[in-house]
Every structure is written in C-alpha cells, then in structure tokens.
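A.B. asks: Here it is: the structure, laid out below.
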Amino acid sequence: MKILLTGINGQVGAAIQQALSRSTLPHELIALDRHRLDLSESTSIERALDAHQPDIIINPAAYTAVDQAESDQDAAFAINAIAPKQLAEGAARLGIPLIHFSTDYVFNGSKQGAWLESDTPQPLNVYGASKLAGEQAIAASGCAHVILRTSWVYSGGGKNFYLTMRRLLSQRDAVNVVDDQFGTPTPAGWLAEVVLQLLDRWQAGQWHSGIYHCTPTGVTHWLGFAEAIAAQLASEQRLTAKLSGIPSSDYPTPAQRPANSQLCCNKLRGTWAIALPDWQSAFTTYL
Ligand SMILES: NC(=O)C1=CN([C@@H]2O[C@H](COP(=O)(O)OP(=O)(O)OC[C@H]3O[C@@H](n4cnc5c(N)ncnc54)[C@H](OP(=O)(O)O)[C@@H]3O)[C@@H](O)[C@H]2O)C=CC1
Ligand SMILES: Cc1cn([C@H]2C[C@H](O)[C@@H](COP(=O)(O)OP(=O)(O)O[C@H]3O[C@@H](C)C(=O)[C@@H](O)[C@H]3O)O2)c(=O)[nH]c1=O
C-alpha cells in the first residue's frame with residue numbers, strides 16, 4: 001500500500017509518520033512536507049498525485065492559526081478548503097480513499113451536550129468556516145473518504161495549548177485560563193493510532209465513508225486541561241504559577257471560540273469498533 005501523507009512536520013502528520021514507522025502494516029510512505037508539496041499552489045496537488053500514484057491519501061496539513069486566520073482569510077481557505085477539494089477530486093480520479101481531519105470549531109458551541117455528526121455546523125470564526133468548506137468539498141467530490149473531526153489536539157512537539165501552558169506555568173507567577181469553553185483534549189499520538197486502524201480496515205476491504213467525531217471521552221474546560229498540565233509540572237517540581245479561572249470576556253482574542261465543542265464519538269466507536277480512552281488517561285498515556 002502506497003500512502004501519500006501531507007503535513008509531516010505538524011503534530012498529527014509527525015505522529016502518523018512515527019506510528020507507521022513502528023507498525024507491521026506493509027506500506028510504502030510518501031511523506032511530504034510543505035517544500036515537497038505546497039498545498040497553496042494550485043497545480044502542485046495534481047502533479048504530486050500523478051507523480052506518486054498513491055493507493056491512499058492522508059491529509060493532516062492545515063492552516064491552524066485560529067486567530068491569524070481572521071485577518072488571513074485567503075490563505076486559510078486556500079489550505080483548508082481549496083487544497084482538500086483538489087486532493088479529494090484527485091482521489092476520486094484515481095479511485096483511492098482520502099483520510100482528512102476537521103475540527104470542533106465547525107460548531108457554534110450553543111448545544112447543551114455533545115455534538116453529533118448530524119448536527120448542523122455554524123462556525124464562529126474563519127478557521128472553522130474554512131475547515132467546514134473543506135469537509136463539504138470532500139463530500140461533494142464523490143471520493144471514498146473518512147473525515148475525522150477532532151478537537152484540542154496536543155503533543156510533545158509543535159505549537160499547542162499543552163506546550164504553551166507548560167512554558168507559562170513554569171515561568172510565571174500567575175496564569176489565567178478561560179473556564180467557560182468546554183471540549184475534549186486529544187493527543188496526536190492517539191489520532192495516529194486511529195488512522196492506523198482505518199488503514200488496516202481498508203486493506204482488509206472494509207470502508208465506510210463519512211464524517212466521524214474522533215476524540216477521547218469526557219469533557220473539560222481549558223482551565224481543567226491547564227490544571228492537568230499544572231499537576232504534571234508539579235510532579236516534576238517545575239510549577240511556578242498560581243492558576244486561576246477567568247471568563248472568556250477577560251481573555252479577548254481576534255477569533256471567537258465555541259463555548260461547548262464536546263463531540264459525541266459513538267459513530268466512530270460503533271462503525272469501526274475503535275476504543276475511546278478517557279481524556280485524562282490519554283493525557284498520561286500519550287505524554
Ligand atoms: N491543532 C488542533 O488543536 C486541532 C487540529 N485539527 C485538525 O487536525 C489536523 C492536524 O492538525 P495539527 O497537526 O495540529 O496541525 P499543525 O499546525 O501542527 O500542522 C499543520 C501542518 O500543515 C502544514 N501546512 C500548512 N500550510 C501548508 C501548505 N501551504 N502546504 C503544505 N503544508 C502546509 C504545516 O507545515 P509547516 O510545518 O511547514 O508549517 C504543518 O506541518 C488539521 O486538519 C487541523 O485542522 C482539528 C482539531 C484540533
Ligand atoms: C494561552 C492562553 C489561552 N487561553 C485561552 C484562549 C482560548 O480561548 C483557549 C485555547 O487557546 P489556544 O489559542 O491555545 O487554542 P486554539 O488555537 O483555540 O485551539 C484550537 O486550535 C484549532 C486548530 C482547533 O481545531 C481547535 O480544536 C482548538 O484546539 O485558551 C487562556 O485563557 N489563557 C492563556 O494563557
């Protein structure tokens with residue numbers, strides 16, 4: 001199986017590459033960073049697909065700077081909407097599947113309880129709107145696809161809330177974090193294991209196209225996630241800061257974020273028999 005993987009220097013791309021290198025799955029990996037495949041360049045995708053003739057595409061590359069996207073709409077849509085459309089149309093042409101990633105930020109956060117795949121998205125920010133446009137283009141392309149909608153991704157590398165908090169909580173006296181935005185932290189390493197299970201099923205001739213919510217179980221707020229990170233730092237005797245909860249109104253950002261973005265992942269569990277860890281045990285397992 002020849003796998004074309006984008007975004008290999010990102011959190012999820014790097015985790016997938018690492019998981020593949022440890023797996024027994026027979027495969028050839030075409031691992032492409034931005035220099036080998038620039039997704040913002042309109043002709044590069046078709047050229048790459050024709051040159052490599054993959055059997056499956058995995059696309060974790062994305063424009064993920066949520067606040068910056070508010071003033072950089074064209075770039076966000078080029079990478080999160082137009083590039084996935086071209087990848088999906090290429091996949092349809094070659095008759096191969098596409099595994100893609102999307103976000104909890106497609107929802108407006110107003111629901112009481114966890115969001116279902118059948119709920120109507122209504123993004124509050126440009127990043128969410130660009131990711132939703134990507135989802136819709138993939139579905140319209142007619143290619144076999146799995147879109148994993150996930151949330152609050154973290155890992156030991158790259159740019160993420162986990163590493164930002166580790167830095168702030170070990171350098172400052174006080175750190176304030178919002179306690180009125182709820183969701184589920186998701187380790188990139190676990191997402192990579194989910195992808196490996198999908199590859200395994202595809203090789204066994206099983207495939208079920210669609211959108212799947214994909215996070216560990218449970219829900220917390222950003223403060224709750226920061227508390228878990230603070231506890232980890234305390235166990236390393238590196239915690240310097242007092243951590244306090246604040247309302248979002250006290251932490252103004254260019255992009256509005258959903259108040260509740262917990263995703264119900266029963267469809268993923270039921271369709272693919274994929275086990276979901278709870279977010280706290282995933283936090284200790286994957287870091
Ligand atoms: N991070 C999160 O909290 C969440 C992420 N997601 C989704 O999961 C997926 C993976 O996210 P994550 O790994 O965290 O993202 P990262 O920001 O860690 O990585 C994104 C990758 O995309 C690459 N990229 C950006 N622009 C281009 C371009 N023009 N051409 C080629 N590559 C490009 C980046 O390259 P370079 O390294 O050169 O900048 C980087 O390697 C994305 O689809 C994201 O929307 C969903 C929910 C939460
Ligand atoms: C650094 C910091 C952030 N915050 C708040 C701001 C924001 O509401 C929340 C999260 O901040 P961040 O900007 O790190 O996270 P953000 O970029 O919003 O993370 C999102 O990224 C994209 C890619 C996704 O798809 C989402 O699932 C989600 O993970 O925490 C504080 O309250 N205090 C702080 O010191």
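Residue numbers start at 1 in each chain; chains themselves are named A, B, ... in the order of the structure tokens; ligands are numbered from 1 in the order shown.
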Give the alpha helix (DSSP H) residues of stretch 2-210 of chain A, as assigned by DSSP on the backbone, as a PyMOL selection string.

C.D. replies: chain A and resi 11-22+44-52+66-69+73-77+83-94+126-141+161-169+188-203

A.B. asks: Would you write out, as a Markdown table, a table of all residues in stretch 8-112 of chain A that have an atom no more than 12 Å from an atom of stretch 162-182 of chain A, listing for each the closest atom pair and the distance in Å to one decimal, considering only C-alpha atoms and ordering rows by chain and rising residue number?

C.D. replies:
| residue | atom | partner | partner_atom | distance |
| --- | --- | --- | --- | --- |
| A:Gln11 | CA | A:Leu163 | CA | 11.8 |
| A:Asp104 | CA | A:Phe182 | CA | 10.7 |
| A:Tyr105 | CA | A:Gln181 | CA | 11.6 |
| A:Asn108 | CA | A:Gln181 | CA | 11.4 |
| A:Gly109 | CA | A:Gln181 | CA | 8.5 |
| A:Ser110 | CA | A:Gln181 | CA | 10.7 |
| A:Lys111 | CA | A:Phe182 | CA | 11.0 |
| A:Gln112 | CA | A:Phe182 | CA | 10.7 |

A.B. asks: With distances taken over only C-alpha atoms and all ligand atoms, which residue among A:Pro54, A:Gly157, A:Pro185, A:Pro60 lies nearest ligand 1?

C.D. replies: A:Pro60

A.B. asks: May I have all residues of stretch 143-286 of chain A that DSSP, computed from the backbone, assigns to strand (DSSP E or B), given as a PyMOL selection string?

C.D. replies: chain A and resi 145-150+153-154+174-178+182-183+186-187+210-213+217+220-221+242-246+260+263+278

A.B. asks: Based on the selection just made, write C-alpha atoms of those residues as a short mmCIF file (atom, residue, chain, number, x, y, z; two decimals), in the first residue's frame.

C.D. replies:
data_model
loop_
_atom_site.label_atom_id
_atom_site.label_comp_id
_atom_site.auth_asym_id
_atom_site.auth_seq_id
_atom_site.Cartn_x
_atom_site.Cartn_y
_atom_site.Cartn_z
CA HIS A 145 -13.25 9.38 2.39
CA VAL A 146 -13.08 9.46 6.15
CA ILE A 147 -13.11 12.89 7.79
CA LEU A 148 -12.04 12.72 11.44
CA ARG A 149 -13.42 15.74 13.28
CA THR A 150 -11.28 16.16 16.35
CA VAL A 153 -5.00 18.42 19.73
CA TYR A 154 -1.74 18.31 21.67
CA ALA A 174 0.22 33.69 37.77
CA VAL A 175 -1.62 32.28 34.76
CA ASN A 176 -5.28 32.92 33.96
CA VAL A 177 -7.20 30.49 31.75
CA VAL A 178 -10.78 30.56 30.50
CA PHE A 182 -15.78 23.20 27.11
CA GLY A 183 -14.28 20.46 24.93
CA THR A 186 -6.96 14.87 22.10
CA PRO A 187 -3.41 13.50 21.87
CA GLY A 210 -18.28 9.76 6.12
CA ILE A 211 -17.58 12.24 8.86
CA TYR A 212 -16.63 10.81 12.25
CA HIS A 213 -16.17 12.67 15.50
CA THR A 217 -14.30 10.57 26.08
CA THR A 220 -13.43 19.69 30.48
CA HIS A 221 -12.76 23.39 30.04
CA LYS A 242 -0.81 30.09 40.51
CA LEU A 243 -3.50 29.04 38.04
CA SER A 244 -6.89 30.81 38.03
CA GLY A 245 -10.09 30.59 36.03
CA ILE A 246 -11.44 33.57 34.09
CA ASN A 260 -19.20 23.97 24.04
CA LEU A 263 -18.03 15.82 20.24
CA ASP A 278 -10.97 8.92 28.61
#

A.B. asks: So, counting only C-alpha atoms and all ligand atoms, which residue among A:Gly128, A:Gly270, A:Pro121, A:Gly224 is closest to ligand 2?

C.D. replies: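 For ligand 2, the nearest of the candidates is A:Gly128.
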
A.B. asks: Kindly compile the residues surrounding ligand 1 within 7 Å, counting only C-alpha atoms and all ligand atoms, and format them as a compact mmCIF listing (two decimals) with C-alpha atoms, in the first residue's frame.

C.D. replies:
# COMPACT_ATOMS: atom_id res chain seq x y z
CA THR A 6 0.93 15.59 3.89
CA GLY A 7 1.91 17.93 6.74
CA ILE A 8 4.60 15.66 8.17
CA ASN A 9 6.06 18.40 10.37
CA GLY A 10 2.73 19.11 12.07
CA GLN A 11 1.53 17.42 15.26
CA VAL A 12 -0.72 14.83 13.63
CA GLY A 13 1.41 14.32 10.50
CA ASP A 33 6.40 18.46 3.83
CA ARG A 34 5.48 21.95 2.60
CA LEU A 37 4.06 19.67 -1.71
CA ASP A 38 2.89 23.26 -1.21
CA LEU A 39 -0.87 22.95 -0.81
CA SER A 40 -1.40 26.63 -1.54
CA PRO A 60 -3.31 16.31 8.24
CA ALA A 61 -1.83 19.50 6.73
CA ALA A 62 -3.87 22.59 7.53
CA TYR A 63 -3.84 26.29 8.35
CA THR A 64 -4.32 26.04 12.13
CA ILE A 79 -5.13 25.37 2.54
CA HIS A 100 -8.79 14.02 6.27
CA PHE A 101 -9.07 15.92 9.57
CA SER A 102 -11.52 18.57 10.66
CA THR A 103 -12.37 20.44 13.81
CA ASP A 104 -14.85 21.00 16.63
CA LYS A 131 -12.44 23.74 7.59
CA ARG A 149 -13.42 15.74 13.28
CA THR A 150 -11.28 16.16 16.35
CA SER A 151 -10.55 18.82 18.99
CA TRP A 152 -7.90 20.44 21.21
CA VAL A 153 -5.00 18.42 19.73
CA TYR A 154 -1.74 18.31 21.67
CA GLY A 158 4.86 21.71 17.60
CA LYS A 159 2.56 24.50 18.68
CA ASN A 160 -0.28 23.67 21.02

A.B. asks: Using only C-alpha atoms, which of the listed residues (A:Ser44, A:Gln206, A:Gln237, A:Gln17) sits closest to A:Leu191?

C.D. replies: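 Closest candidate: A:Gln17.
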
A.B. asks: Which residues of stretch 4-66 of chain A sit at most 9 Å from stretch 85-99 of chain A, using only C-alpha atoms? Give each one's shortest atom pair and distance in Å (one decimal place), in chain and ascending residue order, as JSON lines.

C.D. replies:
{"residue": "A:Ser42", "atom": "CA", "partner": "A:Gln86", "partner_atom": "CA", "distance": 8.4}
{"residue": "A:Ile45", "atom": "CA", "partner": "A:Leu87", "partner_atom": "CA", "distance": 6.6}
{"residue": "A:Glu46", "atom": "CA", "partner": "A:Gly90", "partner_atom": "CA", "distance": 6.5}
{"residue": "A:Leu49", "atom": "CA", "partner": "A:Gly90", "partner_atom": "CA", "distance": 7.0}
{"residue": "A:Asp50", "atom": "CA", "partner": "A:Gly90", "partner_atom": "CA", "distance": 8.8}
{"residue": "A:Gln53", "atom": "CA", "partner": "A:Leu94", "partner_atom": "CA", "distance": 7.9}
{"residue": "A:Pro54", "atom": "CA", "partner": "A:Ile96", "partner_atom": "CA", "distance": 7.9}
{"residue": "A:Asp55", "atom": "CA", "partner": "A:Ile96", "partner_atom": "CA", "distance": 5.8}
{"residue": "A:Ile56", "atom": "CA", "partner": "A:Pro97", "partner_atom": "CA", "distance": 5.3}
{"residue": "A:Ile57", "atom": "CA", "partner": "A:Leu98", "partner_atom": "CA", "distance": 4.8}
{"residue": "A:Ile58", "atom": "CA", "partner": "A:Ile99", "partner_atom": "CA", "distance": 4.7}
{"residue": "A:Asn59", "atom": "CA", "partner": "A:Ile99", "partner_atom": "CA", "distance": 6.2}
{"residue": "A:Pro60", "atom": "CA", "partner": "A:Ile99", "partner_atom": "CA", "distance": 8.4}

A.B. asks: What does the distance from atom CA of A:Leu132 to atom CA of A:Ala81 come to in Å, to one decimal?

C.D. replies: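 Going from atom CA of A:Leu132 over to atom CA of A:Ala81, I get 7.6 Å.
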
A.B. asks: Choose the residue, out of A:Ser235, A:Gln203, A:Ser249, A:Gln197, that has the smallest atom-to-atom separation from ligand 2; count only C-alpha atoms and all ligand atoms.

C.D. replies: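 Checking each candidate against ligand 2, we get A:Ser249 as the closest.
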
A.B. asks: Give me the residues within 10 Å of A:Glu193 as a list in words, counting only C-alpha atoms and dropping any in the same chain fewer than 2 places off.

C.D. replies: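 Non-adjacent residues within range: Ala15, Ile16, Ala19, Leu20, Ser23, Ala188, Gly189, Trp190, Leu191, Val195, Leu196, Gln197, Leu198, Leu199 and Ile274 of chain A.
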